[in-house]
Structure formats: structure tokens, C-alpha cells
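**Student:** Pasting a structure here, questions to come.
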Amino acid sequence: MKTHFERALRHGLLVLLSLTCATAHAQDYAGEEETEEPKEKDTRTLKERLFWGGGINIGFGTVTNIGVEPIIGYKVDRANRWSVGVGGTYNYFRQNTAAYNYETSIYGYKAFTRYKILPQFFVHSEFNQFSYQLYNGGAGPRDRLWIPYLLVGGGYAANIGGRTYLTFQALWDVIQDPNSPYRAGTPFITGGFAVGF
């Protein structure tokens, strides 16, 4: 019998694979010409094909939240419109109020695909798994759970010089796992940076 984690992981990977195949097929179709000509060799170096970046968050006070989210990606096509990649997440979270004192670590991973519809605007899809130790009222923290997210949406990349970009994106979760700490319909709004985007 498959666990919830295995079903969610399989579902997320199938959706990412479907998006990747559909994008690749659309690009092949768009590139067809009436006369068959040999395709030019892709002369991009590995450095030109790769990009990296991520985000950090820091917040102090009654709620302390410190996190890092590195990513690395690969530009699939020669026009540098379609890319795929992976990343990781770690957050230290502490909330200290008169009602309770709660401290935990949140960590996980992601696989993503994105397509630039214009040089600055892109559509984005990613599958995430985050490990949470959710708070259970006066009973204290619950057992640690892996919670899946399949996020879809889009974003904007602003060049700030050379090969460096600031990125902003809004993504919505389509899985809506019942253990998710986020309300249905609430977008994940994130910002970060990328080199070689």
C-alpha cells in the first residue's frame, strides 16, 4: 500500500514530466520548417547553460524566521527560454508569545520547470516537499510530516547588471494537502536572485 508521501511524490513528478514533454514538443513543432535542414550544433558552453541563485529570509522579533533557498538550473533550449532545475530549503522558525513558545526547523527540496514568454516574464511550475513539525495547541509540537506542494504561476526577472537578476514570483498550490499550514487560495509570493538567468 502506497503512503501519502509516495502518492504525492509520484503525482508531482508526473505533472513536471508532462509539462517538460509538452514544452519540448511545442518547441520542436515551432522549429519545423518546410525544407529539412540539418540542425545547427548547440555551441553554448556549460557555464552559459547553467544558472544558480535562490533567496534568503530573515525576520526577528516575537517571530524569528531565518531561511535559505539555493537553486541551480539548466537552460534546455538554445534560445534560453525553457529551463529546469532543483533546489533545497531550510528555515529556522521560532515564535515566542505569552501563550506559547514554539521552535522548529522546516526543510525540503524542489524540482522546477519554467518558460520565458518574454525576456522578463516567465511561467513557472514546481513540485516541493517540505518537512514540518506543526504546532498542536497546548499539546506542543506534532510528529514531523512531509507535506507536498505542486505550485504553478509566473514571475518577473529584473536585470540588475551583467548576468544578475532579481526575481519575483507568485505561485498557487494545486495539491492543497490537508496538513498544509497555508490556506487554500493563498499564493506563495517569493523573491530572490539569479545569476545567468
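If you're wondering about the labels, chains in the C-alpha cells are A, B, ... by order shown, residues count from 1 in each chain, ligands from 1 in order shown.
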Quick one: residues within 10 Å of range 162-166 of chain A, only C-alpha atoms counted, chain neighbours fewer than 4 positions away excluded, as a list in words?

**Tutor:** Phe51, Trp52, Gly53, Gly54, Gly55, Gln120, Tyr156, Ala157, Ala158, Gly191, Gly192, Phe193, Ala194, Val195, Gly196 and Phe197 of chain A

**Student:** Take the residues that were just selected and, keeping C-alpha atoms, output them as a tab-separated table (two decimals), in the first residue's frame.

**Tutor:**
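This went into part22.tsv:
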chain	number	residue	atom	x	y	z
A	51	PHE	CA	22.20	29.36	-13.77
A	52	TRP	CA	22.10	29.49	-10.00
A	53	GLY	CA	20.62	31.61	-7.27
A	54	GLY	CA	17.97	31.44	-4.59
A	55	GLY	CA	16.66	33.50	-1.76
A	120	GLN	CA	11.43	39.45	-18.30
A	156	TYR	CA	9.20	38.64	-13.35
A	157	ALA	CA	13.00	38.89	-13.65
A	158	ALA	CA	14.67	42.33	-13.48
A	191	GLY	CA	11.65	37.00	-4.32
A	192	GLY	CA	15.27	36.11	-4.86
A	193	PHE	CA	18.21	36.48	-7.20
A	194	ALA	CA	19.66	34.50	-10.07
A	195	VAL	CA	22.98	34.57	-11.90
A	196	GLY	CA	22.82	33.63	-15.57
A	197	PHE	CA	19.01	33.70	-15.66

**Student:** What's the 9 Å shell around Thr113 in chain A, counting only C-alpha atoms, without same-chain residues fewer than 2 positions away, as a ChimeraX atom specification?

**Tutor:** /A:16,19-20,73,82-86,111,115,123-126

**Student:** For the residues selected in the previous step, produce a file with N, CA and C atoms as a short mmCIF file (atom, residue, chain, number, x, y, z; two decimals), in the first residue's frame.

**Tutor:**
data_model
loop_
_atom_site.label_atom_id
_atom_site.label_comp_id
_atom_site.auth_asym_id
_atom_site.auth_seq_id
_atom_site.Cartn_x
_atom_site.Cartn_y
_atom_site.Cartn_z
N LEU A 16 5.31 17.38 -13.55
CA LEU A 16 6.50 18.06 -14.06
C LEU A 16 6.98 17.42 -15.37
N LEU A 19 4.66 18.54 -18.18
CA LEU A 19 4.94 19.92 -18.59
C LEU A 19 6.22 20.00 -19.41
N THR A 20 7.23 19.26 -18.99
CA THR A 20 8.51 19.27 -19.70
C THR A 20 8.35 18.70 -21.10
N GLY A 73 19.88 25.65 -11.99
CA GLY A 73 19.05 25.32 -13.14
C GLY A 73 19.86 25.14 -14.40
N TRP A 82 13.44 27.94 -22.11
CA TRP A 82 12.96 26.86 -21.27
C TRP A 82 14.08 26.37 -20.36
N SER A 83 13.79 26.24 -19.07
CA SER A 83 14.80 25.75 -18.13
C SER A 83 14.17 24.80 -17.12
N VAL A 84 15.00 23.96 -16.55
CA VAL A 84 14.61 23.04 -15.48
C VAL A 84 15.65 23.16 -14.38
N GLY A 85 15.28 22.75 -13.17
CA GLY A 85 16.25 22.84 -12.09
C GLY A 85 15.78 22.18 -10.81
N VAL A 86 16.64 22.25 -9.82
CA VAL A 86 16.37 21.68 -8.50
C VAL A 86 16.82 22.68 -7.44
N ALA A 111 11.80 20.49 -7.41
CA ALA A 111 12.18 20.34 -8.81
C ALA A 111 11.27 21.28 -9.58
N TYR A 115 9.35 28.67 -18.20
CA TYR A 115 9.43 29.07 -19.61
C TYR A 115 9.24 30.57 -19.71
N VAL A 123 6.50 31.78 -17.01
CA VAL A 123 5.57 30.90 -16.32
C VAL A 123 6.41 29.85 -15.61
N HIS A 124 5.88 29.35 -14.49
CA HIS A 124 6.71 28.52 -13.61
C HIS A 124 5.85 27.44 -12.97
N SER A 125 6.42 26.24 -12.84
CA SER A 125 5.77 25.15 -12.12
C SER A 125 6.84 24.42 -11.32
N GLU A 126 6.50 24.03 -10.09
CA GLU A 126 7.47 23.29 -9.28
C GLU A 126 6.76 22.34 -8.33
#

**Student:** So which residues of range 44-193 of chain A fall under strand (DSSP E or B) by DSSP, listed as a ChimeraX atom specification?

**Tutor:** /A:50-59,63-75,82-96,101-116,121-132,135,141,145-161,164-173,188-193

**Student:** Can you work out the spacing between CA of Tyr107 in chain A and CA of Arg81 in chain A in Å, to one decimal?

**Tutor:**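 Spanning CA of Tyr107 in chain A to CA of Arg81 in chain A is a straight-line distance of 29.4 Å.
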